[in-house]
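Engineer: Take a look at the following structure, please.
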Amino acid sequence: MIGLRFYFLRQGLLNIRRNLTVHILSLGTIVACLLISGAYLLLFENINHWLRQWGSTLTLSVYIKDGTSEYKRDKIDSFIRGLPGAQIRRFISKEEAMEDLKVSLGKEAGFLECLTENPLPASYEVVFENAEAGDIHPEEIKGQLDSLEGVEEVQHSRQWLKKIEGFLDTVRLIGYITGGMFCLCVIFIVTNTIKLTIYSRRDEIEILKLVGATDRFVRRPFLLEGMIQGLLGGGMAILALFLGYLAFSSKEIYLIGPAPLEVVFLPLEYIALGLSLSMVLGLVGSSIAIGRLF
Amino acid sequence: MIQLFHLSKKFGPNVALSNIDLRIGKGEFAFVTGASGAGKTTLLRLIFGTEKPATGRILINSIDLNTISRPNLDLLRRKIGFVFQDFKLLPNKTVFENVAIALEVKGVRPRIVKKKTDQTLRLLGLGEKERSFPLSLSGGEQQRVAIARAIVKDPLILLADEPTGNLDPDLTQEIMAIFKGVHEMGTTVVIATHSRGLLEGTDCRTIVLNRGKISEEKG
């Protein structure tokens, strides 16, 4: 059996070598299909990672009405400090808020000079560490803070998170549909490549049958060929994706919040799954080709 | 071993074989002869199972070829060596690979494949040519490669269609000696030939076909 396995593998590799141009062209298309799907998955994985990062810390912005007395502000301050797990990271006065805005606007900040008075409210930046535990209810806290005198508005990070998660569900669905279509493309490409290989080897197949080769014996190198093609395509797509990741991971990306976002690569189980899937797609493609021609 | 009952074969309106009854025993050496178009090749192809009869039955070792399943026919062919008139060699495989393939399909271990293939190639005087490709060989050499592929697997039955058609008289004698040697090992040998020279002086059984019918049997 070891001899036969070696024979099948050798024949599969020989088939690829004999039709190298066809295989390179189809491999390129397979890599492109899997790379697009992989890039989509990688982006999705990173967004999820960023949301997890962001969601692990609940932040509140408590905006104070203009003209709120020191006494009322102290009451708000005390209330916040009394919340379990809450830390006031910063109190931002109206002036500091304006300064922060100027810094973030950079060169565009000039138009702020036209303002006759500062419209920005003072605010508290409140952070709840380890907010994933589930014992912190942002809407409840928001309600309590809203009822305090001197509080103009309360915003918390989970409000945005919920909106983004809803959007991500749509993105995920689109991902499944496009990924499925790319998988069909890979099957279609492998099917046609193997059909061409079978066609170019039809004399050899006839002779193999004449010397007593079973159908299984004739089919196996083609099945292996499809699997190798799928695996190579998957491997090359993952390699290209990793190179892209290396290029991005060295840069600091700011999208949400003040901290740079950490770029992550696909977890090992996803890589293993991707390679297995590409191999299975190759196998399905070659099985279809064989089924139609034998 | 080989039994044919009321065997007929047509290609369109042309009758290739008509009502053939024949029995070739185990270990027998038989020639099938006749003019071109007499039905020699068709008879061999029917015995090998690459053609289906219009009527009649073919039994090989009591196995009915009319009812045999495809996988079992494949397995049966591993026990039958066939030397094709047009050699049927693979142009992109070396002489060694062309011969070894008959053993590889049986799942023989690579070490034994190499040993047996080398032995057979040396027996047929092709030891020096094992790395050559068929198209670089002469007609006679290609024919010997085809014979090597047929006998390397130690077949129970050896069918040869004009196996000496491309060989000079000296080589013909050598090849016939090889067939005799294979026969002495217990293999049933059936050779289709129209070469009178090959049949002269032979005491082997000779079946003469004429227009698809057995017209004469000798030996």
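By convention in this document, the chains of the structure tokens carry letters A, B, ... by their order, each chain's residues are numbered from 1, and ligands are numbered from 1 in the order they are shown.
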Pull out every residue of chain B that has at least one atom within 6 Å of chain A, counting only C-alpha atoms, and report them as an MDAnalysis selection string.

Structural biologist: chainID B and resid 74:75 77:78 102 105 107 109:110

Engineer: Name the residues of stretch 144-217 of chain B that fall into strand (DSSP E or B) according to DSSP on the backbone, using the chain letters and numbers of this document, as a list in words.

Structural biologist: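 Of stretch 144-217 of chain B, the ones in strand (DSSP E or B) are Ile157, Leu158, Leu159, Ala160, Asp161, Thr188, Val189, Val190, Ile191, Ala192, Thr193, Arg205, Thr206, Ile207, Val208, Leu209, Asn210, Lys213, Ile214, Ser215, Glu216 and Glu217 of chain B.
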
Engineer: Restricted to N, CA and C atoms, what would the selected residues look like written as a PDB file, in the first residue's frame?

Structural biologist:
```
ATOM      1  N   ILE B 157      -2.376 -15.952 -18.920  1.00  0.00           N
ATOM      2  CA  ILE B 157      -2.640 -16.046 -20.365  1.00  0.00           C
ATOM      3  C   ILE B 157      -1.860 -14.921 -21.040  1.00  0.00           C
ATOM      4  N   LEU B 158      -1.205 -15.242 -22.136  1.00  0.00           N
ATOM      5  CA  LEU B 158      -0.508 -14.215 -22.910  1.00  0.00           C
ATOM      6  C   LEU B 158      -1.113 -14.173 -24.311  1.00  0.00           C
ATOM      7  N   LEU B 159      -1.686 -13.042 -24.654  1.00  0.00           N
ATOM      8  CA  LEU B 159      -2.261 -12.845 -25.991  1.00  0.00           C
ATOM      9  C   LEU B 159      -1.342 -11.890 -26.739  1.00  0.00           C
ATOM     10  N   ALA B 160      -0.980 -12.254 -27.965  1.00  0.00           N
ATOM     11  CA  ALA B 160      -0.072 -11.391 -28.728  1.00  0.00           C
ATOM     12  C   ALA B 160      -0.614 -11.220 -30.144  1.00  0.00           C
ATOM     13  N   ASP B 161      -0.777  -9.972 -30.524  1.00  0.00           N
ATOM     14  CA  ASP B 161      -1.324  -9.669 -31.853  1.00  0.00           C
ATOM     15  C   ASP B 161      -0.175  -9.242 -32.766  1.00  0.00           C
ATOM     16  N   THR B 188      -0.574 -19.877 -20.665  1.00  0.00           N
ATOM     17  CA  THR B 188      -1.267 -20.161 -21.923  1.00  0.00           C
ATOM     18  C   THR B 188      -0.918 -19.047 -22.903  1.00  0.00           C
ATOM     19  N   VAL B 189      -0.431 -19.420 -24.089  1.00  0.00           N
ATOM     20  CA  VAL B 189      -0.005 -18.399 -25.049  1.00  0.00           C
ATOM     21  C   VAL B 189      -0.851 -18.511 -26.314  1.00  0.00           C
ATOM     22  N   VAL B 190      -1.434 -17.389 -26.719  1.00  0.00           N
ATOM     23  CA  VAL B 190      -2.192 -17.353 -27.986  1.00  0.00           C
ATOM     24  C   VAL B 190      -1.604 -16.234 -28.835  1.00  0.00           C
ATOM     25  N   ILE B 191      -1.097 -16.584 -29.985  1.00  0.00           N
ATOM     26  CA  ILE B 191      -0.457 -15.594 -30.856  1.00  0.00           C
ATOM     27  C   ILE B 191      -1.235 -15.480 -32.166  1.00  0.00           C
ATOM     28  N   ALA B 192      -1.636 -14.261 -32.491  1.00  0.00           N
ATOM     29  CA  ALA B 192      -2.284 -14.034 -33.788  1.00  0.00           C
ATOM     30  C   ALA B 192      -1.214 -13.575 -34.763  1.00  0.00           C
ATOM     31  N   THR B 193      -1.109 -14.248 -35.862  1.00  0.00           N
ATOM     32  CA  THR B 193      -0.089 -13.852 -36.842  1.00  0.00           C
ATOM     33  C   THR B 193      -0.540 -14.220 -38.254  1.00  0.00           C
ATOM     34  N   ARG B 205      -0.468 -25.908 -31.872  1.00  0.00           N
ATOM     35  CA  ARG B 205      -1.837 -25.860 -32.399  1.00  0.00           C
ATOM     36  C   ARG B 205      -2.002 -24.586 -33.231  1.00  0.00           C
ATOM     37  N   THR B 206      -2.559 -24.704 -34.385  1.00  0.00           N
ATOM     38  CA  THR B 206      -2.767 -23.547 -35.257  1.00  0.00           C
ATOM     39  C   THR B 206      -4.237 -23.492 -35.658  1.00  0.00           C
ATOM     40  N   ILE B 207      -4.864 -22.370 -35.374  1.00  0.00           N
ATOM     41  CA  ILE B 207      -6.280 -22.180 -35.704  1.00  0.00           C
ATOM     42  C   ILE B 207      -6.330 -21.226 -36.890  1.00  0.00           C
ATOM     43  N   VAL B 208      -6.881 -21.653 -37.968  1.00  0.00           N
ATOM     44  CA  VAL B 208      -6.915 -20.820 -39.171  1.00  0.00           C
ATOM     45  C   VAL B 208      -8.301 -20.180 -39.295  1.00  0.00           C
ATOM     46  N   LEU B 209      -8.308 -18.876 -39.389  1.00  0.00           N
ATOM     47  CA  LEU B 209      -9.566 -18.151 -39.571  1.00  0.00           C
ATOM     48  C   LEU B 209      -9.698 -17.710 -41.016  1.00  0.00           C
ATOM     49  N   ASN B 210     -10.897 -17.803 -41.497  1.00  0.00           N
ATOM     50  CA  ASN B 210     -11.161 -17.323 -42.851  1.00  0.00           C
ATOM     51  C   ASN B 210     -12.522 -16.633 -42.852  1.00  0.00           C
ATOM     52  N   LYS B 213     -14.584 -17.204 -39.730  1.00  0.00           N
ATOM     53  CA  LYS B 213     -14.939 -18.568 -39.312  1.00  0.00           C
ATOM     54  C   LYS B 213     -13.671 -19.403 -39.190  1.00  0.00           C
ATOM     55  N   ILE B 214     -13.721 -20.413 -38.322  1.00  0.00           N
ATOM     56  CA  ILE B 214     -12.568 -21.313 -38.223  1.00  0.00           C
ATOM     57  C   ILE B 214     -12.639 -22.257 -39.423  1.00  0.00           C
ATOM     58  N   SER B 215     -11.633 -22.147 -40.279  1.00  0.00           N
ATOM     59  CA  SER B 215     -11.671 -22.972 -41.490  1.00  0.00           C
ATOM     60  C   SER B 215     -10.832 -24.227 -41.333  1.00  0.00           C
ATOM     61  N   GLU B 216      -9.887 -24.180 -40.395  1.00  0.00           N
ATOM     62  CA  GLU B 216      -8.963 -25.316 -40.285  1.00  0.00           C
ATOM     63  C   GLU B 216      -8.283 -25.281 -38.922  1.00  0.00           C
ATOM     64  N   GLU B 217      -7.993 -26.419 -38.385  1.00  0.00           N
ATOM     65  CA  GLU B 217      -7.204 -26.497 -37.141  1.00  0.00           C
ATOM     66  C   GLU B 217      -6.121 -27.534 -37.328  1.00  0.00           C
TER      67      GLU B 217
END
```

Engineer: I need the residue nearest A:Thr57 from this list: A:Leu13, A:Val126, A:Ile164, A:Leu42. Use only C-alpha atoms for the distance.

Structural biologist: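 Nearest to A:Thr57: A:Val126.
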
Engineer: Give me the residues within 6 Å of stretch 284-289 of chain A as an NGL selection string, counting only C-alpha atoms and dropping any in the same chain fewer than 6 places off.

Structural biologist: :A and (187 or 190-191 or 194-195 or 223 or 226)

Engineer: So how far away is atom CA of B:Thr42 from atom CA of B:Ala16, in Å?

Structural biologist: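 Taking atom CA of B:Ala16 as the start and atom CA of B:Thr42 as the end point, the length is 7.0 Å.
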
Engineer: Just give me the gap between atom CA of A:Asp74 and atom CA of A:Val62 in Å, one decimal is fine.

Structural biologist: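 Going from atom CA of A:Asp74 over to atom CA of A:Val62 covers 13.3 Å.
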
Engineer: Show me, as an NGL selection string, the residues that have an atom within 12 Å of A:Gly234 when counting only C-alpha atoms, minus same-chain residues fewer than 4 positions from it.

Structural biologist: :A and (27-38 or 183 or 186 or 227-230 or 238-241 or 270-282)

Engineer: Atoms to include: N, CA and C atoms. Write the selected residues as a compact mmCIF listing (two decimals), in the first residue's frame.

Structural biologist:
```
# COMPACT_ATOMS: atom_id res chain seq x y z
N LEU A 27 -3.97 28.06 -10.57
CA LEU A 27 -3.52 28.28 -9.19
C LEU A 27 -3.60 29.78 -8.85
N GLY A 28 -3.19 30.60 -9.81
CA GLY A 28 -3.26 32.05 -9.61
C GLY A 28 -4.68 32.50 -9.32
N THR A 29 -5.63 31.95 -10.08
CA THR A 29 -7.04 32.33 -9.88
C THR A 29 -7.55 31.82 -8.53
N ILE A 30 -7.14 30.60 -8.20
CA ILE A 30 -7.55 30.04 -6.90
C ILE A 30 -7.00 30.90 -5.76
N VAL A 31 -5.72 31.26 -5.88
CA VAL A 31 -5.09 32.09 -4.84
C VAL A 31 -5.86 33.42 -4.72
N ALA A 32 -6.20 34.02 -5.87
CA ALA A 32 -6.92 35.30 -5.84
C ALA A 32 -8.26 35.14 -5.12
N CYS A 33 -9.00 34.07 -5.47
CA CYS A 33 -10.31 33.83 -4.82
C CYS A 33 -10.15 33.65 -3.32
N LEU A 34 -9.20 32.79 -2.95
CA LEU A 34 -9.04 32.50 -1.52
C LEU A 34 -8.46 33.69 -0.78
N LEU A 35 -7.62 34.47 -1.50
CA LEU A 35 -7.01 35.64 -0.86
C LEU A 35 -8.07 36.69 -0.53
N ILE A 36 -9.00 36.90 -1.47
CA ILE A 36 -10.07 37.88 -1.22
C ILE A 36 -10.92 37.42 -0.03
N SER A 37 -11.28 36.12 -0.05
CA SER A 37 -12.07 35.59 1.07
C SER A 37 -11.29 35.70 2.37
N GLY A 38 -9.99 35.36 2.31
CA GLY A 38 -9.14 35.40 3.50
C GLY A 38 -8.98 36.83 4.01
N CYS A 183 -15.81 30.03 -3.08
CA CYS A 183 -15.58 28.59 -2.95
C CYS A 183 -16.08 27.87 -4.21
N VAL A 186 -13.60 28.34 -6.92
CA VAL A 186 -12.44 27.44 -6.77
C VAL A 186 -12.80 26.05 -7.29
N MET A 227 -6.51 17.96 -4.82
CA MET A 227 -6.24 18.30 -3.42
C MET A 227 -4.96 19.12 -3.30
N ILE A 228 -3.94 18.72 -4.06
CA ILE A 228 -2.66 19.46 -4.01
C ILE A 228 -2.89 20.88 -4.51
N GLN A 229 -3.65 20.99 -5.58
CA GLN A 229 -3.92 22.32 -6.15
C GLN A 229 -4.67 23.20 -5.15
N GLY A 230 -5.68 22.62 -4.51
CA GLY A 230 -6.43 23.37 -3.49
C GLY A 230 -5.54 23.77 -2.33
N ILE A 238 -2.81 32.17 2.17
CA ILE A 238 -2.52 32.47 3.58
C ILE A 238 -1.16 33.15 3.71
N LEU A 239 -0.19 32.68 2.91
CA LEU A 239 1.14 33.31 2.93
C LEU A 239 1.05 34.78 2.50
N ALA A 240 0.31 35.02 1.42
CA ALA A 240 0.15 36.40 0.93
C ALA A 240 -0.56 37.26 1.97
N LEU A 241 -1.54 36.65 2.61
CA LEU A 241 -2.29 37.36 3.66
C LEU A 241 -1.36 37.70 4.84
N TYR A 270 -8.12 28.81 12.50
CA TYR A 270 -8.67 29.34 11.25
C TYR A 270 -7.75 28.96 10.08
N ILE A 271 -6.44 29.04 10.33
CA ILE A 271 -5.47 28.69 9.27
C ILE A 271 -5.64 27.21 8.90
N ALA A 272 -5.71 26.37 9.94
CA ALA A 272 -5.89 24.92 9.70
C ALA A 272 -7.20 24.66 8.96
N LEU A 273 -8.24 25.38 9.39
CA LEU A 273 -9.55 25.23 8.75
C LEU A 273 -9.50 25.70 7.30
N GLY A 274 -8.81 26.82 7.06
CA GLY A 274 -8.68 27.37 5.71
C GLY A 274 -7.96 26.40 4.78
N LEU A 275 -6.85 25.82 5.30
CA LEU A 275 -6.08 24.87 4.48
C LEU A 275 -6.92 23.61 4.20
N SER A 276 -7.62 23.15 5.24
CA SER A 276 -8.45 21.95 5.05
C SER A 276 -9.56 22.24 4.05
N LEU A 277 -10.17 23.42 4.19
CA LEU A 277 -11.27 23.79 3.29
C LEU A 277 -10.78 23.86 1.84
N SER A 278 -9.60 24.50 1.64
CA SER A 278 -9.10 24.62 0.27
C SER A 278 -8.78 23.24 -0.32
N MET A 279 -8.30 22.33 0.57
CA MET A 279 -8.01 20.98 0.10
C MET A 279 -9.31 20.26 -0.28
N VAL A 280 -10.32 20.44 0.56
CA VAL A 280 -11.62 19.81 0.30
C VAL A 280 -12.22 20.38 -0.99
N LEU A 281 -12.08 21.69 -1.19
CA LEU A 281 -12.60 22.30 -2.42
C LEU A 281 -11.92 21.69 -3.64
N GLY A 282 -10.59 21.49 -3.54
CA GLY A 282 -9.83 20.85 -4.62
C GLY A 282 -10.32 19.45 -4.87
```

Engineer: What gap, in Å, lies between atom CA of A:Ser26 and atom CA of A:Gly175?

Structural biologist: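 Here the two named atoms are 23.1 Å from each other.
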
Engineer: Tell me, which residues of stretch 64-259 of chain A carry DSSP helix (DSSP H, G or I), written as a ChimeraX atom specification?

Structural biologist: /A:70-82,94-114,131-133,138-146,157-200,202-210,215-249
